[in-house]
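Encoded as structure tokens, the structure appears first; notes follow it.
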Amino acid sequence: MDIKITKTTTPKAKPTGKLGFGKVFTDHMFIMNYTEGKGWHDARIEPYHPISLDPSAMVFHYGQEMFEGLKAYSGADGTVRLFRPEMNAKRTNETNKRLCIPQLPEEDFVEAVKAIVSVDKDWIPKEDGTSLYIRPFIIATDEFLGVAPSKTYLFIIILSPSGAYYESGLAPVGIWIEDDYVRAVKGGMGFAKTGGNYAASLIAQVKAHDDGYSQVLWLDGVERKYIEEVGAMNIFFKIDGKVVTPMLNGSILPGITRNSVIQVCKSWGYEVEERKISVDELLDAQKNGKLEECFGTGTAAVISPVGKLRYKDDVMTINNNEIGPLSQKLYDTITGLQWGKIEDTFGFVVKVD
Ligand code: PLP
Ligand code: COI
């Protein structure tokens, strides 16, 4: 892919102090157009700027859009690393298929990510726990109010130097098991990374926040009985020594961190079960002292210990609301691989020149 690079002549000041998540953006962005009959074209890196779209652009009306999330890490050895970007490229095309967005060559996705990260590598923060969050996304741009797949799109990548996703950092979060609203159903878009899924989640998130919980844990959309995933992460439990997580059933996001955690746990000799988990099973395990740990996994959230799970009138406190040994070891291992502190025997990391 030929990428035309235009650098800014007015670089911005880099942020100082504690970084939050997703609030500051770098000096450049990647953009590429899609036109029916022509394919993806005009790959370019430009100074970061607002985009101008016609008010009739289809993305505004019917939500035909997708996004991804990954990070670049600045290692102590000065090397910049990405974590499994080819998995994000693959998931992009799974999402695109569901949303009738044209396929994007996976090698072009990875090349575009590497190119923009390389141009803005001075923006990768170096403090412990920080990274450069990478947000690729595609929007439908046809000027048309009919409901149909667009014939033109923009693929854009923006970058945001970021710290912990949750204010609390590695301190356990409280999670609200939602028993009224649902996020997705099989046959819907749950497995796809598209804005509509997140729009559907906001009302429950607001309710959970108002009650002092950080995020929502969704139940299946049919029986409202089985655990699915959290607003921005997949969920794992350690029950009676085994690692258990909901299986990929079409309505949850196939998380890249989830897949990595499963591989790492298996390499340590844990039995890992991907299966249906009912809330009743969790309540029972909790009563019998067998619910040993609970944690979420995600690019933004990394490994996020869960200390409290609320379901209707029950509040389960897990591991005394402290980070458990497995959660801590997984956090240390996943971030150790990302920051190049641990030798990558899994083949997860990709270096950026
Ligand atoms: N589930 C949802 C709904 C998410 O938004 C995310 C974040 O990307 C995840 C799970 C975790 O996926 P990944 O590990 O690929 O970041
Ligand atoms: C990510 O972890 O990359 C995500 O996309 C979560 C996001 C909704 C903040």
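In the structure tokens, chains take letters A, B, ... by order of appearance, with residues numbered from 1 within each chain and ligands from 1 in the order shown.
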Contact residues around A:Gly241 with only C-alpha atoms at 9 Å, ignoring same-chain residues under 3 positions, as a count of residues only: 6
Write out as JSON, numbers by chain each polymer residue (protein, DNA or RNA) that has an atom no more than 6 Å from ligand 1, with only C-alpha atoms and all ligand atoms counted. {"A": [69, 231, 232, 233, 234, 253, 255, 256, 257, 258, 297, 298, 299]}
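In this comparison, which uses only C-alpha atoms and all ligand atoms, the residue of A:Lys126, A:Arg44, A:Lys341, A:Lys193 approaching ligand 2 most closely is A:Lys193.
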Show which residues sit within 7 Å of A:Glu274, as a count of residues only. Count only C-alpha atoms, and ignore same-chain residues fewer than 5 positions away. 4
For A:Gly296, the closest of A:Val222, A:Ala184, A:Val315, A:Leu330 counting only C-alpha atoms is A:Leu330
DSSP strand (DSSP E) selection over stretch 8-143 of chain A, as a PyMOL selection string: chain A and resi 28-35+39-47+65-67+70-74+80-83+131-140
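For the choices A:Lys71, A:Lys121, A:Lys114, A:His61, the atom-to-atom distance to A:Thr26 is smallest for A:Lys121 when using only C-alpha atoms.
Interatomic distance, atom CA of A:Tyr73 against atom CA of A:Thr16: 17.8 Å.
Proximity of A:Val352, A:Leu70, A:Ile342, A:Ile252 to ligand 2, computed with only C-alpha atoms and all ligand atoms, is greatest for A:Leu70.
Atom to atom, atom CA of A:Met189 and atom CA of A:Glu68 stand 14.6 Å apart.
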